[in-house]
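my_file-v8.cif follows; it contains mmCIF, C-alpha atoms and all ligand atoms.
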```cif
data_coords
#
loop_
_atom_site.group_PDB
_atom_site.id
_atom_site.type_symbol
_atom_site.label_atom_id
_atom_site.label_comp_id
_atom_site.auth_asym_id
_atom_site.auth_seq_id
_atom_site.Cartn_x
_atom_site.Cartn_y
_atom_site.Cartn_z
ATOM 1 C CA MET Z 1 0.000 0.000 0.000
ATOM 2 C CA LYS Z 2 1.251 3.487 -0.719
ATOM 3 C CA GLN Z 3 0.172 7.118 -0.776
ATOM 4 C CA GLU Z 4 0.505 9.000 -4.046
ATOM 5 C CA LEU Z 5 -0.725 12.097 -5.857
ATOM 6 C CA VAL Z 6 -2.413 10.884 -9.020
ATOM 7 C CA GLN Z 7 -3.644 12.751 -12.055
ATOM 8 C CA ILE Z 8 -7.262 12.526 -13.188
ATOM 9 C CA HIS Z 9 -7.481 11.102 -16.704
ATOM 10 C CA SER Z 10 -11.235 11.304 -17.352
ATOM 11 C CA PHE Z 11 -14.802 11.461 -16.083
ATOM 12 C CA GLU Z 12 -17.726 9.562 -17.559
ATOM 13 C CA CYS Z 13 -21.424 9.705 -16.616
ATOM 14 C CA LEU Z 14 -22.557 6.088 -16.339
ATOM 15 C CA THR Z 15 -26.119 7.082 -15.419
ATOM 16 C CA ALA Z 16 -27.866 10.353 -14.590
ATOM 17 C CA GLU Z 17 -26.560 9.935 -11.027
ATOM 18 C CA ILE Z 18 -23.358 7.919 -11.216
ATOM 19 C CA LEU Z 19 -19.927 9.084 -12.342
ATOM 20 C CA GLU Z 20 -16.849 7.079 -13.244
ATOM 21 C CA LEU Z 21 -13.579 8.817 -12.399
ATOM 22 C CA THR Z 22 -10.391 7.436 -13.942
ATOM 23 C CA PHE Z 23 -6.901 8.359 -12.790
ATOM 24 C CA ILE Z 24 -3.419 7.241 -13.712
ATOM 25 C CA SER Z 25 -1.405 5.076 -11.329
ATOM 26 C CA GLU Z 26 1.298 2.645 -12.394
ATOM 27 C CA TYR Z 27 1.585 1.429 -8.817
ATOM 28 C CA LEU Z 28 -2.092 0.623 -8.237
ATOM 29 C CA SER Z 29 -2.561 -0.854 -11.676
ATOM 30 C CA THR Z 30 0.146 -3.416 -10.966
ATOM 31 C CA HIS Z 31 -0.610 -4.089 -7.271
ATOM 32 C CA ALA Z 32 -4.401 -3.844 -6.752
ATOM 33 C CA GLN Z 33 -6.661 -6.899 -6.716
ATOM 34 C CA PRO Z 34 -10.461 -7.127 -7.130
ATOM 35 C CA GLY Z 35 -12.344 -6.209 -3.954
ATOM 36 C CA GLN Z 36 -9.674 -3.831 -2.683
ATOM 37 C CA PHE Z 37 -10.354 -0.144 -2.226
ATOM 38 C CA VAL Z 38 -8.534 3.171 -2.427
ATOM 39 C CA ASN Z 39 -8.796 5.850 0.240
ATOM 40 C CA ILE Z 40 -9.021 9.289 -1.333
ATOM 41 C CA ARG Z 41 -8.354 12.696 0.171
ATOM 42 C CA VAL Z 42 -10.563 14.593 -2.230
ATOM 43 C CA ASP Z 43 -9.144 18.024 -1.384
ATOM 44 C CA ASN Z 44 -6.147 19.554 0.441
ATOM 45 C CA ASN Z 45 -8.338 21.639 2.741
ATOM 46 C CA PHE Z 46 -11.771 20.100 3.266
ATOM 47 C CA PRO Z 47 -12.974 17.479 4.052
ATOM 48 C CA LEU Z 48 -10.042 16.294 6.130
ATOM 49 C CA LEU Z 49 -10.983 12.626 6.243
ATOM 50 C CA ARG Z 50 -10.316 10.388 3.287
ATOM 51 C CA ARG Z 51 -13.236 8.622 1.581
ATOM 52 C CA PRO Z 52 -12.942 4.936 0.633
ATOM 53 C CA PHE Z 53 -13.912 3.837 -2.897
ATOM 54 C CA SER Z 54 -13.844 0.332 -4.373
ATOM 55 C CA ILE Z 55 -11.646 -0.201 -7.389
ATOM 56 C CA PHE Z 56 -14.096 -0.430 -10.292
ATOM 57 C CA ASN Z 57 -11.687 -1.171 -13.119
ATOM 58 C CA ILE Z 58 -8.047 -1.241 -14.090
ATOM 59 C CA ASP Z 59 -7.023 -0.830 -17.708
ATOM 60 C CA GLU Z 60 -3.268 -0.670 -18.344
ATOM 61 C CA ASN Z 61 -2.083 2.176 -16.061
ATOM 62 C CA LYS Z 62 -5.574 3.612 -15.547
ATOM 63 C CA VAL Z 63 -7.620 3.001 -12.416
ATOM 64 C CA SER Z 64 -11.352 3.794 -12.129
ATOM 65 C CA ILE Z 65 -13.763 4.350 -9.304
ATOM 66 C CA VAL Z 66 -17.511 5.045 -9.481
ATOM 67 C CA PHE Z 67 -19.571 7.193 -7.159
ATOM 68 C CA ASN Z 68 -22.856 8.985 -6.776
ATOM 69 C CA VAL Z 69 -22.855 12.484 -5.392
ATOM 70 C CA ILE Z 70 -24.132 12.115 -1.857
ATOM 71 C CA GLY Z 71 -22.371 14.530 0.487
ATOM 72 C CA THR Z 72 -19.294 16.605 1.176
ATOM 73 C CA GLY Z 73 -16.587 14.356 -0.265
ATOM 74 C CA THR Z 74 -18.342 13.259 -3.434
ATOM 75 C CA LYS Z 75 -19.479 16.843 -4.181
ATOM 76 C CA VAL Z 76 -15.835 17.967 -4.110
ATOM 77 C CA LEU Z 77 -14.784 14.972 -6.219
ATOM 78 C CA ALA Z 78 -17.470 15.660 -8.826
ATOM 79 C CA ARG Z 79 -16.102 19.212 -9.305
ATOM 80 C CA LYS Z 80 -12.615 17.960 -10.217
ATOM 81 C CA ARG Z 81 -11.507 18.108 -13.834
ATOM 82 C CA LYS Z 82 -9.195 16.160 -16.128
ATOM 83 C CA GLY Z 83 -5.573 16.928 -15.188
ATOM 84 C CA ASP Z 84 -6.350 17.763 -11.528
ATOM 85 C CA THR Z 85 -4.570 15.696 -8.899
ATOM 86 C CA ILE Z 86 -6.012 13.757 -5.982
ATOM 87 C CA ASP Z 87 -4.245 12.141 -3.033
ATOM 88 C CA VAL Z 88 -4.825 8.383 -3.009
ATOM 89 C CA VAL Z 89 -3.812 5.642 -0.564
ATOM 90 C CA GLY Z 90 -4.062 2.042 -1.707
ATOM 91 C CA PRO Z 91 -4.611 -0.681 -2.451
ATOM 92 C CA CYS Z 92 -6.370 -1.223 0.915
ATOM 93 C CA GLY Z 93 -8.101 -4.245 2.422
ATOM 94 C CA ASN Z 94 -8.229 -7.870 1.334
ATOM 95 C CA ASP Z 95 -9.465 -9.114 -2.030
ATOM 96 C CA PHE Z 96 -12.052 -11.579 -3.313
ATOM 97 C CA LEU Z 97 -9.754 -13.859 -5.289
ATOM 98 C CA SER Z 98 -7.273 -14.758 -2.569
ATOM 99 C CA LEU Z 99 -10.093 -15.597 -0.125
ATOM 100 C CA ALA Z 100 -12.184 -17.935 -2.216
ATOM 101 C CA ASP Z 101 -11.031 -21.490 -2.884
ATOM 102 C CA ASP Z 102 -11.927 -23.191 -6.124
ATOM 103 C CA SER Z 103 -14.650 -25.615 -4.997
ATOM 104 C CA PHE Z 104 -17.639 -24.118 -6.795
ATOM 105 C CA ASP Z 105 -18.966 -23.798 -10.349
ATOM 106 C CA THR Z 106 -20.951 -20.555 -10.514
ATOM 107 C CA ALA Z 107 -19.901 -17.213 -9.061
ATOM 108 C CA VAL Z 108 -22.982 -15.207 -8.108
ATOM 109 C CA PHE Z 109 -22.116 -11.519 -7.701
ATOM 110 C CA VAL Z 110 -24.749 -9.429 -5.934
ATOM 111 C CA GLY Z 111 -24.449 -5.640 -5.818
ATOM 112 C CA GLY Z 112 -26.789 -3.165 -4.179
ATOM 113 C CA GLY Z 113 -26.699 0.279 -5.847
ATOM 114 C CA ILE Z 114 -23.149 1.623 -5.984
ATOM 115 C CA GLY Z 115 -22.188 -1.686 -4.324
ATOM 116 C CA ILE Z 116 -21.649 -3.127 -7.799
ATOM 117 C CA ALA Z 117 -18.386 -1.126 -7.800
ATOM 118 C CA PRO Z 118 -15.912 -4.026 -7.257
ATOM 119 C CA PHE Z 119 -17.576 -6.458 -9.681
ATOM 120 C CA PRO Z 120 -16.385 -5.220 -13.119
ATOM 121 C CA PHE Z 121 -12.758 -5.610 -11.970
ATOM 122 C CA LEU Z 122 -13.566 -8.965 -10.360
ATOM 123 C CA THR Z 123 -15.322 -10.114 -13.556
ATOM 124 C CA LYS Z 124 -12.287 -9.134 -15.609
ATOM 125 C CA ARG Z 125 -9.835 -11.009 -13.393
ATOM 126 C CA TYR Z 126 -12.029 -14.012 -12.658
ATOM 127 C CA PRO Z 127 -10.391 -17.361 -13.443
ATOM 128 C CA ALA Z 128 -11.607 -18.848 -16.704
ATOM 129 C CA GLY Z 129 -13.961 -21.826 -16.483
ATOM 130 C CA LYS Z 130 -16.405 -20.439 -13.906
ATOM 131 C CA GLU Z 131 -19.901 -19.299 -14.770
ATOM 132 C CA ILE Z 132 -20.691 -15.764 -13.591
ATOM 133 C CA ILE Z 133 -24.144 -14.367 -12.867
ATOM 134 C CA THR Z 134 -24.463 -10.801 -11.591
ATOM 135 C CA TYR Z 135 -27.494 -9.506 -9.720
ATOM 136 C CA VAL Z 136 -27.840 -5.739 -9.418
ATOM 137 C CA GLY Z 137 -30.429 -4.109 -7.190
ATOM 138 C CA GLY Z 138 -31.263 -0.441 -6.776
ATOM 139 C CA ARG Z 139 -34.032 1.966 -5.887
ATOM 140 C CA GLN Z 140 -34.467 3.175 -9.482
ATOM 141 C CA LYS Z 141 -32.820 2.909 -12.905
ATOM 142 C CA GLU Z 142 -30.615 5.986 -12.395
ATOM 143 C CA LEU Z 143 -28.757 4.015 -9.712
ATOM 144 C CA ILE Z 144 -28.123 0.943 -11.849
ATOM 145 C CA VAL Z 145 -24.713 0.465 -13.443
ATOM 146 C CA GLU Z 146 -24.208 -2.407 -15.907
ATOM 147 C CA LYS Z 147 -20.841 -1.442 -17.374
ATOM 148 C CA GLY Z 148 -18.291 -4.254 -17.126
ATOM 149 C CA LEU Z 149 -20.720 -6.785 -15.648
ATOM 150 C CA LYS Z 150 -21.401 -10.252 -17.023
ATOM 151 C CA ASN Z 151 -24.887 -11.828 -17.277
ATOM 152 C CA ALA Z 152 -26.381 -8.883 -15.385
ATOM 153 C CA LYS Z 153 -29.889 -9.289 -13.973
ATOM 154 C CA ILE Z 154 -31.477 -6.120 -12.692
ATOM 155 C CA ALA Z 155 -34.046 -5.461 -9.965
ATOM 156 C CA THR Z 156 -35.395 -2.020 -9.066
ATOM 157 C CA ASP Z 157 -37.637 -1.104 -6.162
ATOM 158 C CA ASP Z 158 -39.822 1.118 -8.361
ATOM 159 C CA GLY Z 159 -39.855 -1.211 -11.396
ATOM 160 C CA SER Z 160 -38.213 1.428 -13.652
ATOM 161 C CA MET Z 161 -35.711 -1.176 -14.903
ATOM 162 C CA GLY Z 162 -35.686 -4.976 -14.918
ATOM 163 C CA PHE Z 163 -37.537 -6.943 -12.257
ATOM 164 C CA HIS Z 164 -39.933 -4.939 -10.071
ATOM 165 C CA GLY Z 165 -38.887 -5.785 -6.510
ATOM 166 C CA THR Z 166 -35.842 -6.450 -4.399
ATOM 167 C CA VAL Z 167 -32.726 -8.176 -5.585
ATOM 168 C CA LEU Z 168 -33.380 -11.004 -3.097
ATOM 169 C CA GLU Z 169 -36.841 -11.605 -4.596
ATOM 170 C CA LEU Z 170 -35.252 -11.775 -8.056
ATOM 171 C CA ILE Z 171 -32.586 -14.234 -6.881
ATOM 172 C CA LYS Z 172 -35.200 -16.424 -5.198
ATOM 173 C CA ASN Z 173 -37.372 -16.398 -8.337
ATOM 174 C CA ASP Z 174 -34.454 -17.388 -10.554
ATOM 175 C CA PHE Z 175 -33.147 -20.052 -8.209
ATOM 176 C CA SER Z 176 -36.609 -21.641 -7.866
ATOM 177 C CA THR Z 177 -36.870 -22.150 -11.635
ATOM 178 C CA ASN Z 178 -33.254 -22.513 -12.772
ATOM 179 C CA ALA Z 179 -30.777 -22.786 -9.913
ATOM 180 C CA PRO Z 180 -27.143 -22.346 -10.991
ATOM 181 C CA LYS Z 181 -24.827 -25.264 -10.437
ATOM 182 C CA ASN Z 182 -22.906 -25.255 -7.136
ATOM 183 C CA PRO Z 183 -23.025 -21.470 -6.552
ATOM 184 C CA ARG Z 184 -20.816 -19.241 -4.438
ATOM 185 C CA PHE Z 185 -21.999 -15.758 -3.499
ATOM 186 C CA PHE Z 186 -19.973 -12.534 -3.493
ATOM 187 C CA LEU Z 187 -21.811 -9.498 -2.115
ATOM 188 C CA CYS Z 188 -21.268 -5.756 -1.906
ATOM 189 C CA GLY Z 189 -23.757 -3.052 -0.982
ATOM 190 C CA PRO Z 190 -25.890 -1.986 1.962
ATOM 191 C CA ASN Z 191 -25.478 -4.301 4.948
ATOM 192 C CA ARG Z 192 -29.244 -4.866 5.208
ATOM 193 C CA MET Z 193 -29.292 -6.246 1.645
ATOM 194 C CA MET Z 194 -26.207 -8.383 2.223
ATOM 195 C CA LYS Z 195 -27.633 -9.776 5.448
ATOM 196 C CA VAL Z 196 -30.751 -11.195 3.761
ATOM 197 C CA VAL Z 197 -28.874 -12.511 0.725
ATOM 198 C CA ALA Z 198 -26.349 -14.151 3.082
ATOM 199 C CA GLU Z 199 -29.253 -15.827 4.923
ATOM 200 C CA PHE Z 200 -30.563 -17.153 1.608
ATOM 201 C CA ALA Z 201 -27.089 -18.464 0.676
ATOM 202 C CA LYS Z 202 -26.924 -20.237 4.033
ATOM 203 C CA GLU Z 203 -30.385 -21.788 3.500
ATOM 204 C CA ILE Z 204 -29.263 -23.328 0.204
ATOM 205 C CA GLY Z 205 -25.891 -24.407 1.618
ATOM 206 C CA ALA Z 206 -23.753 -22.015 -0.460
ATOM 207 C CA THR Z 207 -20.644 -20.241 0.813
ATOM 208 C CA CYS Z 208 -21.001 -16.477 0.793
ATOM 209 C CA TYR Z 209 -18.500 -13.618 1.032
ATOM 210 C CA ALA Z 210 -19.444 -9.987 1.651
ATOM 211 C CA SER Z 211 -17.505 -6.754 1.374
ATOM 212 C CA LEU Z 212 -18.790 -4.981 4.461
ATOM 213 C CA GLU Z 213 -19.966 -1.411 4.578
ATOM 214 C CA CYS Z 214 -18.902 0.784 7.480
ATOM 215 C CA ASP Z 215 -17.750 4.294 8.331
ATOM 216 C CA MET Z 216 -13.969 4.550 8.174
ATOM 217 C CA ALA Z 217 -11.734 7.223 9.628
ATOM 218 C CA CYS Z 218 -8.166 6.136 8.808
ATOM 219 C CA GLY Z 219 -8.876 3.168 6.474
ATOM 220 C CA ILE Z 220 -5.506 1.556 7.283
ATOM 221 C CA GLY Z 221 -5.948 -0.085 10.695
ATOM 222 C CA LEU Z 222 -4.746 2.730 12.960
ATOM 223 C CA CYS Z 223 -7.826 4.324 14.569
ATOM 224 C CA GLN Z 224 -9.636 1.086 15.576
ATOM 225 C CA GLY Z 225 -12.880 2.746 14.511
ATOM 226 C CA CYS Z 226 -14.221 0.095 12.152
ATOM 227 C CA ASN Z 227 -14.687 -2.981 14.343
ATOM 228 C CA ILE Z 228 -17.028 -5.769 13.280
ATOM 229 C CA GLU Z 229 -18.183 -8.413 15.763
ATOM 230 C CA MET Z 230 -17.239 -11.964 14.825
ATOM 231 C CA VAL Z 231 -19.298 -15.064 15.616
ATOM 232 C CA THR Z 232 -16.589 -17.592 14.749
ATOM 233 C CA GLY Z 233 -12.815 -17.699 15.061
ATOM 234 C CA ASP Z 234 -10.415 -16.699 17.801
ATOM 235 C CA LYS Z 235 -11.023 -12.943 17.786
ATOM 236 C CA LYS Z 236 -14.217 -11.287 19.029
ATOM 237 C CA TYR Z 237 -13.717 -8.216 16.812
ATOM 238 C CA ARG Z 238 -11.903 -7.542 13.568
ATOM 239 C CA LEU Z 239 -11.086 -4.363 11.694
ATOM 240 C CA VAL Z 240 -13.128 -4.018 8.520
ATOM 241 C CA CYS Z 241 -10.579 -1.754 6.777
ATOM 242 C CA LYS Z 242 -7.539 -3.939 7.387
ATOM 243 C CA GLU Z 243 -8.739 -7.503 8.100
ATOM 244 C CA GLY Z 244 -11.626 -7.094 5.604
ATOM 245 C CA THR Z 245 -13.449 -5.545 4.005
ATOM 246 C CA ILE Z 246 -14.377 -9.016 2.767
ATOM 247 C CA PHE Z 247 -15.509 -11.667 5.243
ATOM 248 C CA GLU Z 248 -17.196 -15.037 4.971
ATOM 249 C CA THR Z 249 -20.712 -14.062 5.989
ATOM 250 C CA GLN Z 250 -21.271 -16.839 8.526
ATOM 251 C CA SER Z 251 -18.261 -15.563 10.478
ATOM 252 C CA VAL Z 252 -19.608 -12.056 11.151
ATOM 253 C CA LYS Z 253 -22.517 -10.496 13.000
ATOM 254 C CA PHE Z 254 -24.290 -8.129 10.622
ATOM 255 C CA SER Z 255 -25.298 -4.823 12.245
HETATM 256 C C1 LIG Z 301 -14.764 -0.005 1.687
HETATM 257 C C2 LIG Z 301 -15.702 1.056 1.139
HETATM 258 C C3 LIG Z 301 -15.835 1.196 -0.239
HETATM 259 C C4 LIG Z 301 -16.684 2.167 -0.757
HETATM 260 N N1 LIG Z 301 -16.797 2.263 -2.096
HETATM 261 C C5 LIG Z 301 -17.598 3.209 -2.624
HETATM 262 C C6 LIG Z 301 -17.735 3.336 -4.040
HETATM 263 O O1 LIG Z 301 -17.133 2.569 -4.807
HETATM 264 N N2 LIG Z 301 -18.536 4.332 -4.511
HETATM 265 C C7 LIG Z 301 -19.213 5.198 -3.668
HETATM 266 O O2 LIG Z 301 -19.936 6.082 -4.158
HETATM 267 N N3 LIG Z 301 -19.107 5.087 -2.341
HETATM 268 C C8 LIG Z 301 -18.313 4.131 -1.799
HETATM 269 N N4 LIG Z 301 -18.197 4.053 -0.437
HETATM 270 C C9 LIG Z 301 -18.824 5.099 0.379
HETATM 271 C C10 LIG Z 301 -17.932 6.356 0.300
HETATM 272 O O3 LIG Z 301 -16.704 6.130 0.971
HETATM 273 C C11 LIG Z 301 -18.577 7.594 0.915
HETATM 274 O O4 LIG Z 301 -19.025 7.327 2.197
HETATM 275 C C12 LIG Z 301 -19.754 8.072 0.110
HETATM 276 O O5 LIG Z 301 -19.350 8.281 -1.218
HETATM 277 C C13 LIG Z 301 -20.309 9.384 0.663
HETATM 278 O O6 LIG Z 301 -19.248 10.282 0.894
HETATM 279 P P1 LIG Z 301 -19.536 11.844 0.996
HETATM 280 O O7 LIG Z 301 -18.312 12.490 1.550
HETATM 281 O O8 LIG Z 301 -20.045 12.369 -0.304
HETATM 282 O O9 LIG Z 301 -20.739 11.920 2.020
HETATM 283 P P2 LIG Z 301 -20.681 12.392 3.535
HETATM 284 O O10 LIG Z 301 -20.571 13.871 3.583
HETATM 285 O O11 LIG Z 301 -19.667 11.597 4.257
HETATM 286 O O12 LIG Z 301 -22.120 11.963 3.988
HETATM 287 C C14 LIG Z 301 -23.235 12.792 3.691
HETATM 288 C C15 LIG Z 301 -24.494 12.105 4.141
HETATM 289 O O13 LIG Z 301 -24.736 10.970 3.295
HETATM 290 C C16 LIG Z 301 -24.886 9.828 4.080
HETATM 291 N N5 LIG Z 301 -24.283 8.754 3.340
HETATM 292 C C17 LIG Z 301 -22.963 8.447 3.278
HETATM 293 N N6 LIG Z 301 -22.781 7.388 2.483
HETATM 294 C C18 LIG Z 301 -24.009 7.006 2.042
HETATM 295 C C19 LIG Z 301 -24.486 5.984 1.199
HETATM 296 N N7 LIG Z 301 -23.632 5.100 0.636
HETATM 297 N N8 LIG Z 301 -25.819 5.920 0.956
HETATM 298 C C20 LIG Z 301 -26.674 6.803 1.507
HETATM 299 N N9 LIG Z 301 -26.282 7.792 2.324
HETATM 300 C C21 LIG Z 301 -24.976 7.891 2.590
HETATM 301 C C22 LIG Z 301 -24.157 10.099 5.381
HETATM 302 O O14 LIG Z 301 -24.681 9.317 6.437
HETATM 303 C C23 LIG Z 301 -24.422 11.571 5.565
HETATM 304 O O15 LIG Z 301 -25.661 11.766 6.164
HETATM 305 C C24 LIG Z 301 -17.389 3.045 0.111
HETATM 306 C C25 LIG Z 301 -17.268 2.902 1.479
HETATM 307 C C26 LIG Z 301 -16.456 1.909 2.002
HETATM 308 C C27 LIG Z 301 -16.319 1.754 3.493
HETATM 309 S S1 LIG Z 302 -10.904 2.845 9.763
HETATM 310 FE FE1 LIG Z 302 -9.298 3.180 11.200
HETATM 311 S S2 LIG Z 302 -8.886 1.144 11.893
HETATM 312 FE FE2 LIG Z 302 -10.306 0.847 10.302
#
```
As structure tokens - that is how I would like this structure written.
Amino acid sequence: MKQELVQIHSFECLTAEILELTFISEYLSTHAQPGQFVNIRVDNNFPLLRRPFSIFNIDENKVSIVFNVIGTGTKVLARKRKGDTIDVVGPCGNDFLSLADDSFDTAVFVGGGIGIAPFPFLTKRYPAGKEIITYVGGRQKELIVEKGLKNAKIATDDGSMGFHGTVLELIKNDFSTNAPKNPRFFLCGPNRMMKVVAEFAKEIGATCYASLECDMACGIGLCQGCNIEMVTGDKKYRLVCKEGTIFETQSVKFS
């Protein structure tokens, strides 16, 4: 992991609400793995705290993140322009590929809203020979990103795109008619969504990994502010930023 000032290469609007920001980093493009995140200080003055963003894609020496403009940090980020610099620390956290063993046939990626962010990079780097199905859930179509996803199936709460309902309802529907062979689940998004999908995975006997959502101050294991309670293993708490963000879902207590 290292801190560097990187130059913004481009911005792209993926939907009416979601932006892709691409910057140049030789270091990250050679060291980052799918599921890891970068911690960005969006401005020299304000806000002081870095904001974590999943790595969305890596193409040669270019690294992308995606975000929707929610509050202080993302408003500042959205005002940046090509050629501006941002201060980035990364790659942070663990990654999906080194955690999962090979004993499954179908990778089922499930992303809630901007939680799809790690899956294009994971799709790109996924070992050949595995089936991939990607479920994407969101409140409405403006929050749905399909770029870089494979076999994407969409669910929206308001029915403006794809299945009308929750992503869990869509998964249950699909699995009741055409269950994928020997699935393994990989989740990212709001914890409440991941909790119910993890329960479904448990019911059908599938292993499930989730990239957990939490507020982070330092993002590198120093402030102890991102504890998650464990239900298995030798430690009662683990740090999401350093020992995660990805955990096997039966090992953690979802908040
Ligand atoms: C490991 C990790 C990876 C992440 N990856 C991404 C990513 O790829 N893309 C991305 O856009 N964000 C991602 N986030 C969230 C991101 O770090 C910021 O929290 C988010 O972008 C809002 O930052 P902000 O400074 O604009 O909002 P803030 O000023 O910090 O918050 C403004 C208000 O928005 C609320 N808020 C904050 N986040 C959310 C949210 N996600 N949904 C609804 N309300 C919210 C806050 O509670 C607050 O009330 C990630 C977070 C973590 C921990
Ligand atoms: S955010 Fe500081 S230890 Fe995890």
Worksheet item: With distances taken over all atoms listed in the file, which of Z:Ile65, Z:Ile24, Z:Val108, Z:Leu49 is nearest to ligand LIG 302 (chain Z)?
Response: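 Comparing Z:Ile65, Z:Ile24, Z:Val108, Z:Leu49 against ligand LIG 302 (chain Z), the winner is Z:Leu49.
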Discussion item. Just want the 8 Å neighbourhood of Z:Ala117, counted on all atoms listed in the file, with same-chain residues fewer than 2 positions away dropped. Output as a ChimeraX atom specification.
Written reply: /Z:54-56,65-66,111,114-115,119-120
Discussion item. Given only C-alpha atoms and all ligand atoms as the basis, pick out the residue of Z:Ile220, Z:Val89, Z:Ala179, Z:Leu143 nearest to ligand LIG 302 (chain Z).
Written reply: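 Selected residue with least distance to ligand LIG 302 (chain Z): Z:Ile220.
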Fill in: Neighbourhood of ligand LIG 301 (chain Z) at 6 Å, counting all atoms listed in the file, reported as a ChimeraX atom specification
/Z:37,51-54,65-75,114,117,213-216
Taking all atoms of ligand LIG 302 (chain Z) that appear in the file, build a box with edges along x, y and z, extend it by 6 Å on every side, and state its centre and edge lengths in Å to one decimal, as AutoDock Vina command-line options.
```
--center_x -9.9 --center_y 2.0 --center_z 10.8 --size_x 14.0 --size_y 14.3 --size_z 14.1
```
Worksheet item: Written as a PyMOL selection string, which residues does the PyMOL selection byres (((not hetatm)) within 10 of (chain Z and resi 302)) give for the file shown?
Response: chain Z and resi 50+52+93+214-228+238-245
Export of the given selection (C-alpha atoms) as a compact mmCIF listing (two decimals), keeping the file's coordinate frame:
```txt
# COMPACT_ATOMS: atom_id res chain seq x y z
CA ARG Z 50 -10.32 10.39 3.29
CA PRO Z 52 -12.94 4.94 0.63
CA GLY Z 93 -8.10 -4.24 2.42
CA CYS Z 214 -18.90 0.78 7.48
CA ASP Z 215 -17.75 4.29 8.33
CA MET Z 216 -13.97 4.55 8.17
CA ALA Z 217 -11.73 7.22 9.63
CA CYS Z 218 -8.17 6.14 8.81
CA GLY Z 219 -8.88 3.17 6.47
CA ILE Z 220 -5.51 1.56 7.28
CA GLY Z 221 -5.95 -0.08 10.70
CA LEU Z 222 -4.75 2.73 12.96
CA CYS Z 223 -7.83 4.32 14.57
CA GLN Z 224 -9.64 1.09 15.58
CA GLY Z 225 -12.88 2.75 14.51
CA CYS Z 226 -14.22 0.10 12.15
CA ASN Z 227 -14.69 -2.98 14.34
CA ILE Z 228 -17.03 -5.77 13.28
CA ARG Z 238 -11.90 -7.54 13.57
CA LEU Z 239 -11.09 -4.36 11.69
CA VAL Z 240 -13.13 -4.02 8.52
CA CYS Z 241 -10.58 -1.75 6.78
CA LYS Z 242 -7.54 -3.94 7.39
CA GLU Z 243 -8.74 -7.50 8.10
CA GLY Z 244 -11.63 -7.09 5.60
CA THR Z 245 -13.45 -5.54 4.00
```
Fill in: Selection: 12 Å around stretch 10-12 of chain Z, all atoms listed in the file, excl. self and same-chain fewer than 5 positions, as a list of chain:residue names
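With the cut-off at 12 Å, the set is Z:Glu17, Z:Ile18, Z:Leu19, Z:Glu20, Z:Leu21, Z:Thr22, Z:Phe23, Z:Ile24, Z:Lys62, Z:Val63, Z:Ser64, Z:Ile65, Z:Val66, Z:Phe67, Z:Asn68, Z:Leu77, Z:Ala78, Z:Arg79, Z:Lys80, Z:Arg81, Z:Lys82, Z:Gly83, Z:Asp84, Z:Thr85, Z:Lys147.
If only C-alpha atoms are the atoms counted, then among Z:Val88, Z:Gln3, Z:Tyr237, Z:Arg139 the closest residue to Z:Val42 is Z:Val88.
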Fill in: Pairwise distance for atom CA of Z:Ser160 and atom CA of Z:Pro180, rounded to one decimal in Å
26.4 Å
Worksheet entry | Residues selected by the PyMOL selection byres (((chain Z and resi 250) around 9) and not hetatm), written as number ranges by chain | Z: 198-199, 202, 207-209, 230-232, 247-249, 251-253
Worksheet item: Which is closer to Z:Leu28 than all the others in Z:Ser98, Z:Ser103, Z:Asn57, Z:Thr134, using all atoms listed in the file?
Response: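 The closest residue to Z:Leu28 is Z:Asn57.
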Practice prompt. Find the distance between atom CA of Z:Glu146 and atom CA of Z:Gly113 and write it in Å to one decimal.
Written response: 10.7 Å
Using the atoms already present, construct N, CA and C atoms for stretch 93-101 of chain Z and hand them back as a tab-separated table (two decimals), in the coordinates of the input.
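Final file, result_24.tsv:
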```tsv
chain	number	residue	atom	x	y	z
Z	93	GLY	N	-7.19	-3.12	2.13
Z	93	GLY	CA	-8.10	-4.24	2.42
Z	93	GLY	C	-7.71	-5.53	1.71
Z	94	ASN	N	-8.49	-6.57	1.98
Z	94	ASN	CA	-8.23	-7.87	1.33
Z	94	ASN	C	-8.96	-7.92	-0.01
Z	95	ASP	N	-8.85	-9.04	-0.70
Z	95	ASP	CA	-9.46	-9.11	-2.03
Z	95	ASP	C	-10.25	-10.41	-2.18
Z	96	PHE	N	-11.16	-10.42	-3.15
Z	96	PHE	CA	-12.05	-11.58	-3.31
Z	96	PHE	C	-11.30	-12.83	-3.76
Z	97	LEU	N	-10.34	-12.67	-4.65
Z	97	LEU	CA	-9.75	-13.86	-5.29
Z	97	LEU	C	-8.88	-14.67	-4.35
Z	98	SER	N	-8.16	-13.99	-3.45
Z	98	SER	CA	-7.27	-14.76	-2.57
Z	98	SER	C	-8.05	-15.43	-1.44
Z	99	LEU	N	-9.30	-14.99	-1.21
Z	99	LEU	CA	-10.09	-15.60	-0.12
Z	99	LEU	C	-10.80	-16.87	-0.56
Z	100	ALA	N	-11.29	-16.85	-1.80
Z	100	ALA	CA	-12.18	-17.93	-2.22
Z	100	ALA	C	-11.40	-19.11	-2.79
Z	101	ASP	N	-11.64	-20.31	-2.26
Z	101	ASP	CA	-11.03	-21.49	-2.88
Z	101	ASP	C	-11.81	-21.83	-4.16
```
